[in-house]
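Each remark here refers to the structure printed beneath this line.
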There are 2 protein chains.
Amino acid sequence: MARKELLLLQEAMKKSGIDWYLIPTDDDHQSEYVGDYYKGRTWASGFTGSAGVLVAGQEEAYLFTDGRYYVQAAKELKGSGIELMKSGMPGVPTPSKFLVEKCEEGMTAGFDMRVVAKELGDIVKKGLEEKGAFLKDIALLDGIWTDRTPRSAKEVFVLDEKYAGESYESKITRLREEMKKLDACGHVIASLDDLAWLFNLRGGDVECSPMFLGFAYVTLEEAFLFLQNGVLNKEAEEYVKANQIQVLPYDSVYEFLGTRTEKKVMLDPERVNTKLAHSFAEETEMVEAANPTQLMKAIKNEVEIENLKKAHIKDGVAVTKLTYWVKKNCSTPDCEYTEIDASNYVDSLRLASDGCTDLSFPCISAYGPNGAMMHYSAKEEDCAVLKPGSFYLLDSGGQYLEGTTDITRTMVLGEVDAEAKRHFTAVARGMLNLQAARFLEGCKGVNLDILARMPMWELGIDYRCGTGHGVGYYLNVHEGPNSIRWKYGPGHHDCDLVPGMVTTDEPGIYLENKYGIRLENELLCVVEEENEYGRFLKFEPITFAPIDLDGIDPSYMNETEKMLLNSYHEQVYEVISPYLDEEEKAWLYEYTRPV
Amino acid sequence: MARKELLLLQEAMKKSGIDWYLIPTDDDHQSEYVGDYYKGRTWASGFTGSAGVLVAGQEEAYLFTDGRYYVQAAKELKGSGIELMKSGMPGVPTPSKFLVEKCEEGMTAGFDMRVVAKELGDIVKKGLEEKGAFLKDIALLDGIWTDRTPRSAKEVFVLDEKYAGESYESKITRLREEMKKLDACGHVIASLDDLAWLFNLRGGDVECSPMFLGFAYVTLEEAFLFLQNGVLNKEAEEYVKANQIQVLPYDSVYEFLGTRTEKKVMLDPERVNTKLAHSFAEETEMVEAANPTQLMKAIKNEVEIENLKKAHIKDGVAVTKLTYWVKKNCSTPDCEYTEIDASNYVDSLRLASDGCTDLSFPCISAYGPNGAMMHYSAKEEDCAVLKPGSFYLLDSGGQYLEGTTDITRTMVLGEVDAEAKRHFTAVARGMLNLQAARFLEGCKGVNLDILARMPMWELGIDYRCGTGHGVGYYLNVHEGPNSIRWKYGPGHHDCDLVPGMVTTDEPGIYLENKYGIRLENELLCVVEEENEYGRFLKFEPITFAPIDLDGIDPSYMNETEKMLLNSYHEQVYEVISPYLDEEEKAWLYEYTRPV
């Protein structure tokens, strides 16, 4: 007996003559996190993980997900009649390739083109055409998913220039310069962070990110913003008028684009859905290029940088207070505090800070072996107690009007053994060595990654992920195009690290069933000096919170590394101590002592 | 009054109806160094530098060369009627682009397609077609260059398997496997090092590289080798017969390829000349791919590695003896020895070594400011005397039957100041830090370069070149595809560093009019351990010669770096001292003392 919702879907497929139907985990904007309204794949399959694709035939169905979710998916799919496809395992095709394989000549495949990026949609379309099969744009869930959560439509408000640091007028002028370089007279924007940044508007439609659902179409003279009805607050209403931004209904964007007469339109195939791209008149010429706003918003302006530093002090104070609390309360065997207690405490400290409107992602509060799971999420009903003898890992951040933060600290509870200290010290060395890099302009993350990773590689250990990612300004906590990694997978792009970019520096060691150690600072790229060789750049840490000396064995550090640790700790004390009470302050003084 | 040879060329152009003619610096094999026979550009223009392109019209002519040669070219072109085009300066086009620009509709451009790589030839051809101009394959120099040096045709001999480590049969079987992967049934090889490696044959047609002029055409069943008449020695004659290698005349290759019926032919557009590529019948399908032999020969086999280590000991002994000689004789103001005396001495030591058949490149023997010129070549009539108070840089290498070597040491003569020591120490730290790298398989040179470069960047200094290149086995001293550099220019390819590759590690500091410091070891990539994270690799230095402690200021080194220096020096003493006389040995013992 298959899952009820799957049967409903298959019935709808039969009625509409669809042989194979694909439901990804995506919204109309190719967002990293999608709202409940867009969780059609979960509804149809029962699998609740954050990543997965359902490929349904009229009589069979397959759910693709990656290694993080094999166990959970197997459990949740039990009895659903859906077969689990383990993405990443040898011989398992991508869902799109699989869909094309399944479609024989004359068959019809379908998906809702709004939730599939143009790049992927085009690949499927081409594959089907080559086989003599057809592709139909059809939103099958609309008729059958009756208890669907309504689409979020929170208030949209203006982000004051004292936070944004650059007016909408200036930004759109710069954008138009980029359009002219590519000879484009029209430009579609669907990615929510680009939209929010360009218009200096914010909303609340995405969990932990102050963004709003919308699209924009920009020409060399006009700008159109597609929003859900009535979302603009009064100030925003006046702001769009004053800035001659023409507001149109959210759902009208597709029809609107079909009426445009611009000859050459620029769009980002990874950040625009298939339906948008295919809405234009046949004769419109497409220029595929990354949204220029990607790079523009990655380079923070001076006001943003000033603000970010303020936000990071508030954030550092919250994490330092939490550290004090954990070290004080959880180092003896009688401790009854759990991962949830600790995360509740740090969340409350952060949310009580002036200007903090939200967390920037759900806090990862992980004790011992739980820390080895990079995406661990503690549940009230099943979470660990913080006991002496292992590590406690806390990865958290806030959304402040002065910027988005992301910080990780790992704390020693009680005592840990010599090997654990060696591991902790290696992670600290990696973070400090990357933080201390001096480099010529033109360097990319791929050139620098080894500075953070080498101490782990020397131990024959690797963290199987990148070392760092860009961070938005009161936007997404993960933001491109800057990153620090040693090799690039699909979807990873390379870019020069330039002054004004903020990138995380977060090496780690993850030992299954044992513990996880991660330390994460955010680094601001700044100019060090300019001479006949070019511009030399360096990093300035903007994150300030102590590194647990109880985990450090200085015998594994050379003098340079000890100096880096001591001088960072000196800064931590200087920056954070004014915001602590006397007891905390005395503790921090001792806790940041030179090694 | 224009240069006589240019006028002869322009006359020939008029007779043949050629409006624009291009002469590059290349042979039929796209070699790094070309023999005198191929120096037509020098003949026609009078410019003797190692890189440059002549573009001649019927009434005007232009010589393109890069920054290394601006001064020399200006001098040599004086009164020739040829205009100097400074490649690399803003607004200066590439010679091929310039040629296309100059050709108007209906005009005819020409060059000898044998000396232009397919990749470049095709770009020019396309550019001309788009303008409605024509391209003609014409060897204009053949009729007018009467005092041309004959083409080299030295003896070709077999490189015994005790040196090569793998039979021709095994190599060609592996090559055919690669051809099959690309579905190719024919493969043209024109690059001389690929040819020599594949057939286990060597010759003497290229300065400092034991290679012979030739081409090969390999099918899944047969192998054809195109050689100049009578070059095979008796043993080689029997060897080709025994191995069923069909030998045909060198110049017949073009006609021969036109008769082939293989449907799909693989060729490397950067390593095959335009004429070869266009010799095939119209219906032949071309698969463009790097020669598989490039990667195959870069990964040295166990026999080659054993031999290489032996060659490097001989080489290290020569450089150590030279160092002793220089330190002893050139540290007082009355020294009268010159750069040439020193290079003569090291050349003679090297050439006297068992199995050393040649130098691997003309020795760079550079005192003081001369060391700042990366490609300095001392001339008997105008060379510096080695005096106390500066550095002496020696970059040299040999061609041994046991492999090709490349080593650089910089020596302090007398005393140098604190800043000079700081610079020398930074270069040593860079070399040692890269040498000590541990890394996961999958790393490329671009990931590791910063380990060598960081000490210089910390001082706000850069060496404006890569950190290292691959080295051949009794072949070219510069060999791809492996290299260590932080960014890739045109023609640089990226490849994973894998066990068996040998790459140089040669950071430096070059201060114009002051001095040059370079230290260079060759590093063999080996497996360190394999575990759940993958294969960890490391480097093993195979070059052993002391690093001048008179240039080292240990206060700029951390403990790790001191340990690396001391343990390397311990190895140097152990490996080299058995081959020294008592006086040299006592000196080396002191000279490699721990810091």
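Naming scheme: A, B, ... for chains in displayed order of the structure tokens; residues 1 onward per chain; ligands 1 onward as shown.
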Every residue of region 67-316 of chain B that DSSP places in helix (DSSP H, G or I), as number ranges by chain: B: 67-77, 95-102, 113-115, 118-130, 141-144, 161-164, 168-181, 192-199, 234-242, 250-258, 274-277, 292-298, 302-316
Within 8 Å of chain A: residues of chain B, using only C-alpha atoms, as an NGL selection string: :B and (437-440 or 443 or 446-451 or 454 or 457-458 or 460-462 or 486-487 or 529 or 531 or 533 or 536 or 558-560)
Strand (DSSP E) call set, DSSP backbone run, region 104-349 of chain A, as a ChimeraX atom specification: /A:108-111,134-137,157-158,186-189,201-202,214-219,223-227,245-249,264-267,285-288
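Residues surrounding region 549-555 of chain B within 7 Å are Val412, Lys421, Arg422, Phe424, Thr425, Tyr591 and Val595 of chain B [only C-alpha atoms; sequence separation below 4 positions excluded].
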Please save all heavy atoms of the selected residues as a PDB file, in the first residue's frame.
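Generated file (again.pdb):
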```pdb
ATOM      1  N   VAL B 412      76.893  33.005   0.017  1.00  0.00           N
ATOM      2  CA  VAL B 412      77.315  34.297   0.554  1.00  0.00           C
ATOM      3  C   VAL B 412      78.824  34.407   0.354  1.00  0.00           C
ATOM      4  O   VAL B 412      79.568  33.516   0.769  1.00  0.00           O
ATOM      5  CB  VAL B 412      76.993  34.376   2.057  1.00  0.00           C
ATOM      6  CG1 VAL B 412      77.540  35.680   2.650  1.00  0.00           C
ATOM      7  CG2 VAL B 412      75.498  34.243   2.284  1.00  0.00           C
ATOM      8  N   LYS B 421      70.512  38.929   4.780  1.00  0.00           N
ATOM      9  CA  LYS B 421      70.334  37.656   5.507  1.00  0.00           C
ATOM     10  C   LYS B 421      68.856  37.355   5.723  1.00  0.00           C
ATOM     11  O   LYS B 421      68.409  36.213   5.640  1.00  0.00           O
ATOM     12  CB  LYS B 421      71.038  37.727   6.859  1.00  0.00           C
ATOM     13  CG  LYS B 421      72.532  37.503   6.771  1.00  0.00           C
ATOM     14  CD  LYS B 421      73.081  37.284   8.164  1.00  0.00           C
ATOM     15  CE  LYS B 421      74.574  36.997   8.106  1.00  0.00           C
ATOM     16  NZ  LYS B 421      75.093  36.626   9.424  1.00  0.00           N
ATOM     17  N   ARG B 422      68.095  38.412   6.029  1.00  0.00           N
ATOM     18  CA  ARG B 422      66.661  38.218   6.218  1.00  0.00           C
ATOM     19  C   ARG B 422      66.042  37.676   4.922  1.00  0.00           C
ATOM     20  O   ARG B 422      65.178  36.788   4.955  1.00  0.00           O
ATOM     21  CB  ARG B 422      66.028  39.552   6.598  1.00  0.00           C
ATOM     22  CG  ARG B 422      64.598  39.401   6.974  1.00  0.00           C
ATOM     23  CD  ARG B 422      64.036  40.654   7.595  1.00  0.00           C
ATOM     24  NE  ARG B 422      62.718  40.338   8.106  1.00  0.00           N
ATOM     25  CZ  ARG B 422      61.907  41.212   8.637  1.00  0.00           C
ATOM     26  NH1 ARG B 422      62.281  42.463   8.801  1.00  0.00           N
ATOM     27  NH2 ARG B 422      60.710  40.842   9.065  1.00  0.00           N
ATOM     28  N   PHE B 424      67.648  36.027   2.469  1.00  0.00           N
ATOM     29  CA  PHE B 424      68.141  34.671   2.227  1.00  0.00           C
ATOM     30  C   PHE B 424      67.377  33.669   3.103  1.00  0.00           C
ATOM     31  O   PHE B 424      66.967  32.594   2.648  1.00  0.00           O
ATOM     32  CB  PHE B 424      69.647  34.599   2.531  1.00  0.00           C
ATOM     33  CG  PHE B 424      70.268  33.284   2.155  1.00  0.00           C
ATOM     34  CD1 PHE B 424      70.878  33.113   0.919  1.00  0.00           C
ATOM     35  CD2 PHE B 424      70.249  32.200   3.037  1.00  0.00           C
ATOM     36  CE1 PHE B 424      71.453  31.893   0.556  1.00  0.00           C
ATOM     37  CE2 PHE B 424      70.805  30.975   2.682  1.00  0.00           C
ATOM     38  CZ  PHE B 424      71.413  30.824   1.436  1.00  0.00           C
ATOM     39  N   THR B 425      67.171  34.051   4.363  1.00  0.00           N
ATOM     40  CA  THR B 425      66.456  33.171   5.289  1.00  0.00           C
ATOM     41  C   THR B 425      65.020  32.933   4.826  1.00  0.00           C
ATOM     42  O   THR B 425      64.502  31.815   4.904  1.00  0.00           O
ATOM     43  CB  THR B 425      66.486  33.762   6.709  1.00  0.00           C
ATOM     44  OG1 THR B 425      67.840  34.064   7.049  1.00  0.00           O
ATOM     45  CG2 THR B 425      65.908  32.790   7.733  1.00  0.00           C
ATOM     46  N   TYR B 591      79.776  23.135   7.845  1.00  0.00           N
ATOM     47  CA  TYR B 591      78.875  23.929   6.999  1.00  0.00           C
ATOM     48  C   TYR B 591      77.427  23.443   7.102  1.00  0.00           C
ATOM     49  O   TYR B 591      76.489  24.144   6.725  1.00  0.00           O
ATOM     50  CB  TYR B 591      79.384  23.817   5.562  1.00  0.00           C
ATOM     51  CG  TYR B 591      78.918  24.872   4.597  1.00  0.00           C
ATOM     52  CD1 TYR B 591      79.274  26.212   4.771  1.00  0.00           C
ATOM     53  CD2 TYR B 591      78.147  24.541   3.479  1.00  0.00           C
ATOM     54  CE1 TYR B 591      78.868  27.179   3.857  1.00  0.00           C
ATOM     55  CE2 TYR B 591      77.740  25.500   2.563  1.00  0.00           C
ATOM     56  CZ  TYR B 591      78.103  26.821   2.760  1.00  0.00           C
ATOM     57  OH  TYR B 591      77.713  27.776   1.861  1.00  0.00           O
ATOM     58  N   VAL B 595      71.450  24.683  13.345  1.00  0.00           N
ATOM     59  CA  VAL B 595      71.295  26.086  13.773  1.00  0.00           C
ATOM     60  C   VAL B 595      70.457  26.105  15.058  1.00  0.00           C
ATOM     61  O   VAL B 595      69.705  25.178  15.338  1.00  0.00           O
ATOM     62  CB  VAL B 595      70.596  26.976  12.715  1.00  0.00           C
ATOM     63  CG1 VAL B 595      71.449  27.056  11.479  1.00  0.00           C
ATOM     64  CG2 VAL B 595      69.194  26.466  12.394  1.00  0.00           C
TER      65      VAL B 595
END
```
Length of the CA of Lys15 (chain B) to CA of Phe134 (chain B) vector [Å]: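 Pair CA of Lys15 (chain B) / CA of Phe134 (chain B) returns 16.4 Å.
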Shell around region 300-307 of chain B at 9 Å using only C-alpha atoms, local window under 3 positions removed, as a ChimeraX atom specification: /B:161-166,296-297,310-312,401-403,472-473,499-502,524
Can you write just those residues out, C-alpha atoms, as a compact mmCIF listing (two decimals), in the first residue's frame?
```txt
# COMPACT_ATOMS: atom_id res chain seq x y z
CA GLU B 161 65.73 -0.59 -19.99
CA LYS B 162 68.01 -0.49 -16.95
CA TYR B 163 67.70 3.28 -17.33
CA ALA B 164 64.20 3.59 -18.81
CA GLY B 165 62.60 1.10 -16.44
CA GLU B 166 59.81 0.17 -18.83
CA MET B 296 52.72 8.90 -18.41
CA LYS B 297 56.32 10.15 -18.59
CA LYS B 310 71.92 8.22 -8.03
CA ALA B 311 72.19 11.02 -10.59
CA HIS B 312 71.28 13.55 -7.94
CA LEU B 401 71.74 8.38 -18.25
CA GLU B 402 70.21 8.10 -14.79
CA GLY B 403 68.13 11.22 -15.26
CA GLY B 472 62.16 14.96 -17.43
CA TYR B 473 64.12 11.72 -17.17
CA PRO B 499 53.29 9.78 -6.63
CA GLY B 500 56.27 9.44 -8.96
CA MET B 501 56.22 13.02 -10.19
CA VAL B 502 59.36 15.10 -9.76
CA LEU B 524 59.75 13.49 -5.54
```
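For the pair CA of Phe544 (chain A) and CA of Ile313 (chain A), the separation is 6.8 Å.
Between CA of Gln10 (chain B) and CA of Gly132 (chain B) lies a distance of 22.6 Å.
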Contact residues around Pro292 (chain B) with only C-alpha atoms at 12 Å, ignoring same-chain residues under 4 positions, as a ChimeraX atom specification: /B:171-182,187-189,191,194-195,197-198,266-268,271,288,296-299,480-481
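Distance check against Asn513 (chain B) using only C-alpha atoms: of B:Ile82, B:Glu101, B:Ala372, B:Trp20, the minimum falls on B:Ala372.
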